[in-house]
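> Okay, here's the structure, questions in a sec.
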Amino acid sequence: MIIIYFALTYNFFGVKKMHKDNVVAKIIFWIGVFEMIAGVVYGIIVAQTSSNDGFSLLFTWNRAIIIGMLFIGFAEVIELLHQLRENSDRKLEHVNGNEKSHWGVSKNIQNKINNFYYNQDHYPTEYYKTPFANHYYVKLNNNEFRMLVVERFGVKEELPKRVWSEAMVKWVDENYPTLP
C-alpha cells in the first residue's frame, strides 16, 4: 500500500509540473516501482514453494525494495538535474527596451553584489551577466555603471574602466549602446 501511495503522489504525475517532461527519469522511476511490486509478488511465490522458514521471503523482499528504491532515487537525481538545467536555461526579460536579451544573474550573485555595496551611498538596481568569467556589469541607483569581479565568497573587486580589456569595452558597446 505504501508503495502505491508513494507512486500516486510522486511528482511524475504532474504534482510538480515541469516545462518539459523528462522521459528518462519517468522510465527509471517506473522500473523501480515495478521492481518493488514484482519482488514482493515473487517473494510470496518463493515462500509458498520453499521449505525455508520465511528467510526466502524476507531476503527477496529486502532485495526488491532496496533495488527498487535505488532506481527511484536515481530517477529523482535525474529529475533534479533536469530541473537545474531548465532553470539555468531560462532567459530574463529584456532590459530597458533593448532588443537583446541577457542571461539571468542568480539571486546568489545579486546578494553578493548587494553585500559589497551594503554601507555605501549607492546600491545596485540592475545586474548584467557578461561573457567574461566572474564579471558582472551593474547599474547603480545614481545611474553609474560598474564592472565587478564576483568570486565564490563575494565581490573581489570593482574594475575601473581604465583597466577594462578591449573585449569588455566592445561587449558593453555592442550589447548596451545606450549606456555610458
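The chains in the C-alpha cells are called A, B, ... from first to last as shown; in each chain the residues are counted from 1, and the ligands are counted from 1 in the order shown.
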Considering only C-alpha atoms, tabulate each residue of stretch 29-137 of chain A that lies at most 8 Å from stretch 148-169 of chain A along with its nearest interatomic pair and the corresponding distance in Å to one decimal; arrange the rows by chain and ascending residue number and present them as a Markdown table.


```
| residue | atom | partner | partner_atom | distance |
| --- | --- | --- | --- | --- |
| A:Ile109 | CA | A:Val150 | CA | 7.4 |
| A:Lys112 | CA | A:Gly154 | CA | 5.0 |
| A:Ile113 | CA | A:Val155 | CA | 6.2 |
| A:Asn115 | CA | A:Gly154 | CA | 7.9 |
| A:Phe116 | CA | A:Val155 | CA | 6.3 |
| A:Phe132 | CA | A:Met168 | CA | 7.9 |
| A:Asn134 | CA | A:Val150 | CA | 5.2 |
| A:His135 | CA | A:Val149 | CA | 4.7 |
| A:Tyr136 | CA | A:Leu148 | CA | 5.2 |
| A:Tyr137 | CA | A:Leu148 | CA | 6.4 |
```

> Would you save the residues of that selection, restricted to C-alpha atoms, as an mmCIF file, in the first residue's frame?


```cif
data_model
loop_
_atom_site.group_PDB
_atom_site.id
_atom_site.type_symbol
_atom_site.label_atom_id
_atom_site.label_comp_id
_atom_site.auth_asym_id
_atom_site.auth_seq_id
_atom_site.Cartn_x
_atom_site.Cartn_y
_atom_site.Cartn_z
ATOM 1 C CA ILE A 109 25.329 36.606 -7.194
ATOM 2 C CA LYS A 112 26.999 39.047 -3.090
ATOM 3 C CA ILE A 113 26.895 42.281 -5.088
ATOM 4 C CA ASN A 115 26.566 42.911 0.285
ATOM 5 C CA PHE A 116 29.503 44.644 -1.408
ATOM 6 C CA PHE A 132 33.737 37.087 -19.155
ATOM 7 C CA ASN A 134 33.097 36.018 -12.943
ATOM 8 C CA HIS A 135 32.499 39.522 -14.364
ATOM 9 C CA TYR A 136 29.156 41.302 -13.906
ATOM 10 C CA TYR A 137 28.034 44.681 -15.184
#
```

> Mind listing the helix (DSSP H, G or I) residues of stretch 23-162 of chain A, per DSSP on the backbone, as a PyMOL selection string?

chain A and resi 23-49+55-89+107-116+161-162

> Counting only C-alpha atoms, which of A:Met147, A:Ile67, A:Val105, A:Phe74 gets nearest to A:Tyr127?

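Closest candidate: A:Val105.
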
> Do a neighbour search on stretch 56-65 of chain A at 8 Å with only C-alpha atoms, toss out local chain neighbours closer than 2 positions, and write the hits as a compact mmCIF listing (two decimals) with all heavy atoms, in the first residue's frame.


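The new file result24.txt reads:
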```txt
# COMPACT_ATOMS: atom_id res chain seq x y z
N GLU A 35 9.97 -3.07 -9.99
CA GLU A 35 10.89 -3.97 -9.29
C GLU A 35 10.40 -4.27 -7.88
O GLU A 35 10.43 -5.42 -7.43
CB GLU A 35 12.28 -3.34 -9.23
CG GLU A 35 13.27 -4.06 -8.34
CD GLU A 35 13.68 -5.43 -8.86
OE1 GLU A 35 13.66 -5.64 -10.07
OE2 GLU A 35 14.00 -6.28 -8.01
N MET A 36 9.89 -3.26 -7.18
CA MET A 36 9.41 -3.49 -5.83
C MET A 36 8.15 -4.36 -5.82
O MET A 36 8.04 -5.30 -5.03
CB MET A 36 9.16 -2.15 -5.12
CG MET A 36 10.44 -1.45 -4.74
SD MET A 36 10.20 -0.04 -3.65
CE MET A 36 9.43 1.13 -4.71
N ILE A 37 7.21 -4.05 -6.68
CA ILE A 37 5.96 -4.83 -6.73
C ILE A 37 6.25 -6.26 -7.16
O ILE A 37 5.76 -7.22 -6.55
CB ILE A 37 4.93 -4.15 -7.66
CG1 ILE A 37 4.50 -2.82 -7.05
CG2 ILE A 37 3.73 -5.06 -7.90
CD1 ILE A 37 3.66 -1.95 -7.96
N ALA A 38 7.04 -6.42 -8.22
CA ALA A 38 7.37 -7.76 -8.71
C ALA A 38 8.16 -8.53 -7.66
O ALA A 38 7.95 -9.75 -7.50
CB ALA A 38 8.16 -7.66 -10.01
N GLY A 39 9.03 -7.88 -6.94
CA GLY A 39 9.80 -8.55 -5.89
C GLY A 39 8.94 -9.05 -4.76
O GLY A 39 9.16 -10.14 -4.21
N VAL A 40 7.94 -8.25 -4.38
CA VAL A 40 7.03 -8.67 -3.31
C VAL A 40 6.21 -9.89 -3.77
O VAL A 40 6.08 -10.88 -3.05
CB VAL A 40 6.11 -7.50 -2.89
CG1 VAL A 40 4.98 -7.99 -1.99
CG2 VAL A 40 6.92 -6.42 -2.19
N TYR A 42 6.99 -12.01 -6.20
CA TYR A 42 7.91 -13.13 -6.36
C TYR A 42 8.29 -13.72 -5.00
O TYR A 42 8.39 -14.95 -4.84
CB TYR A 42 9.16 -12.68 -7.11
CG TYR A 42 10.19 -13.78 -7.30
CD1 TYR A 42 9.97 -14.81 -8.20
CD2 TYR A 42 11.38 -13.78 -6.57
CE1 TYR A 42 10.90 -15.82 -8.36
CE2 TYR A 42 12.31 -14.76 -6.73
CZ TYR A 42 12.08 -15.79 -7.64
OH TYR A 42 13.01 -16.79 -7.80
N GLY A 43 8.49 -12.87 -4.02
CA GLY A 43 8.80 -13.34 -2.67
C GLY A 43 7.70 -14.20 -2.09
O GLY A 43 7.96 -15.22 -1.43
N ILE A 44 6.46 -13.81 -2.31
CA ILE A 44 5.33 -14.61 -1.82
C ILE A 44 5.30 -15.98 -2.52
O ILE A 44 5.10 -17.01 -1.88
CB ILE A 44 4.01 -13.85 -2.02
CG1 ILE A 44 3.97 -12.63 -1.10
CG2 ILE A 44 2.80 -14.76 -1.78
CD1 ILE A 44 2.82 -11.69 -1.36
N VAL A 46 7.86 -17.59 -3.94
CA VAL A 46 9.00 -18.38 -3.49
C VAL A 46 8.77 -18.90 -2.08
O VAL A 46 9.10 -20.05 -1.75
CB VAL A 46 10.31 -17.56 -3.58
CG1 VAL A 46 11.45 -18.24 -2.85
CG2 VAL A 46 10.68 -17.30 -5.02
N ALA A 47 8.18 -18.10 -1.22
CA ALA A 47 7.94 -18.51 0.17
C ALA A 47 6.95 -19.67 0.24
O ALA A 47 7.06 -20.55 1.10
CB ALA A 47 7.43 -17.34 0.99
N SER A 50 8.95 -22.78 -1.07
CA SER A 50 10.21 -23.08 -0.39
C SER A 50 9.94 -23.66 0.99
O SER A 50 8.93 -23.38 1.63
CB SER A 50 11.04 -21.81 -0.27
OG SER A 50 12.20 -22.05 0.46
N ASN A 52 12.05 -23.09 3.47
CA ASN A 52 12.73 -22.23 4.45
C ASN A 52 11.71 -21.56 5.36
O ASN A 52 10.55 -21.37 4.99
CB ASN A 52 13.58 -21.18 3.75
CG ASN A 52 14.74 -21.81 2.99
OD1 ASN A 52 15.07 -22.97 3.21
ND2 ASN A 52 15.34 -21.05 2.10
N ASP A 53 12.11 -21.13 6.52
CA ASP A 53 11.21 -20.51 7.49
C ASP A 53 11.02 -19.02 7.24
O ASP A 53 11.22 -18.20 8.11
CB ASP A 53 11.76 -20.72 8.90
CG ASP A 53 11.88 -22.18 9.26
OD1 ASP A 53 11.04 -22.96 8.79
OD2 ASP A 53 12.82 -22.52 10.00
N GLY A 54 10.62 -18.64 6.09
CA GLY A 54 10.38 -17.23 5.79
C GLY A 54 11.63 -16.47 5.42
O GLY A 54 11.56 -15.27 5.10
N ILE A 67 16.58 -2.51 -4.24
CA ILE A 67 16.87 -2.23 -5.66
C ILE A 67 15.85 -1.26 -6.24
O ILE A 67 16.19 -0.34 -6.97
CB ILE A 67 16.94 -3.55 -6.46
CG1 ILE A 67 18.18 -4.34 -6.04
CG2 ILE A 67 16.98 -3.26 -7.96
CD1 ILE A 67 18.29 -5.71 -6.65
N GLY A 68 14.58 -1.46 -5.90
CA GLY A 68 13.54 -0.53 -6.38
C GLY A 68 13.77 0.88 -5.89
O GLY A 68 13.63 1.86 -6.65
N MET A 69 14.14 1.04 -4.63
CA MET A 69 14.40 2.38 -4.09
C MET A 69 15.64 3.01 -4.72
O MET A 69 15.69 4.22 -4.91
CB MET A 69 14.55 2.32 -2.56
CG MET A 69 13.24 2.01 -1.83
SD MET A 69 11.89 3.13 -2.24
CE MET A 69 12.44 4.61 -1.44
```

> Of the candidates A:Tyr176, A:Tyr128, A:Phe29, A:Phe34, which one gets nearest to A:Ile78 if we count only C-alpha atoms?

A:Phe29

> For A:Gln120, which residue among A:Leu140, A:Val23, A:Ala133, A:Val41 is the nearest when counting only C-alpha atoms?

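Ranked by minimum distance to A:Gln120, first place goes to A:Leu140.
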
> How far is it from atom CA of A:Asn175 to atom CA of A:Glu144, in Å with one decimal?

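A separation of 16.5 Å between them.
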
> What is the distance between atom CA of A:Glu76 and atom CA of A:Lys26, in Å to one decimal?

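If I compute the distance from atom CA of A:Glu76 to atom CA of A:Lys26, I get 9.1 Å.
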
> Can you measure atom CA of A:Val138 to atom CA of A:Thr125 for me? One decimal in Å is fine.

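Separation between atom CA of A:Val138 and atom CA of A:Thr125: 7.5 Å.
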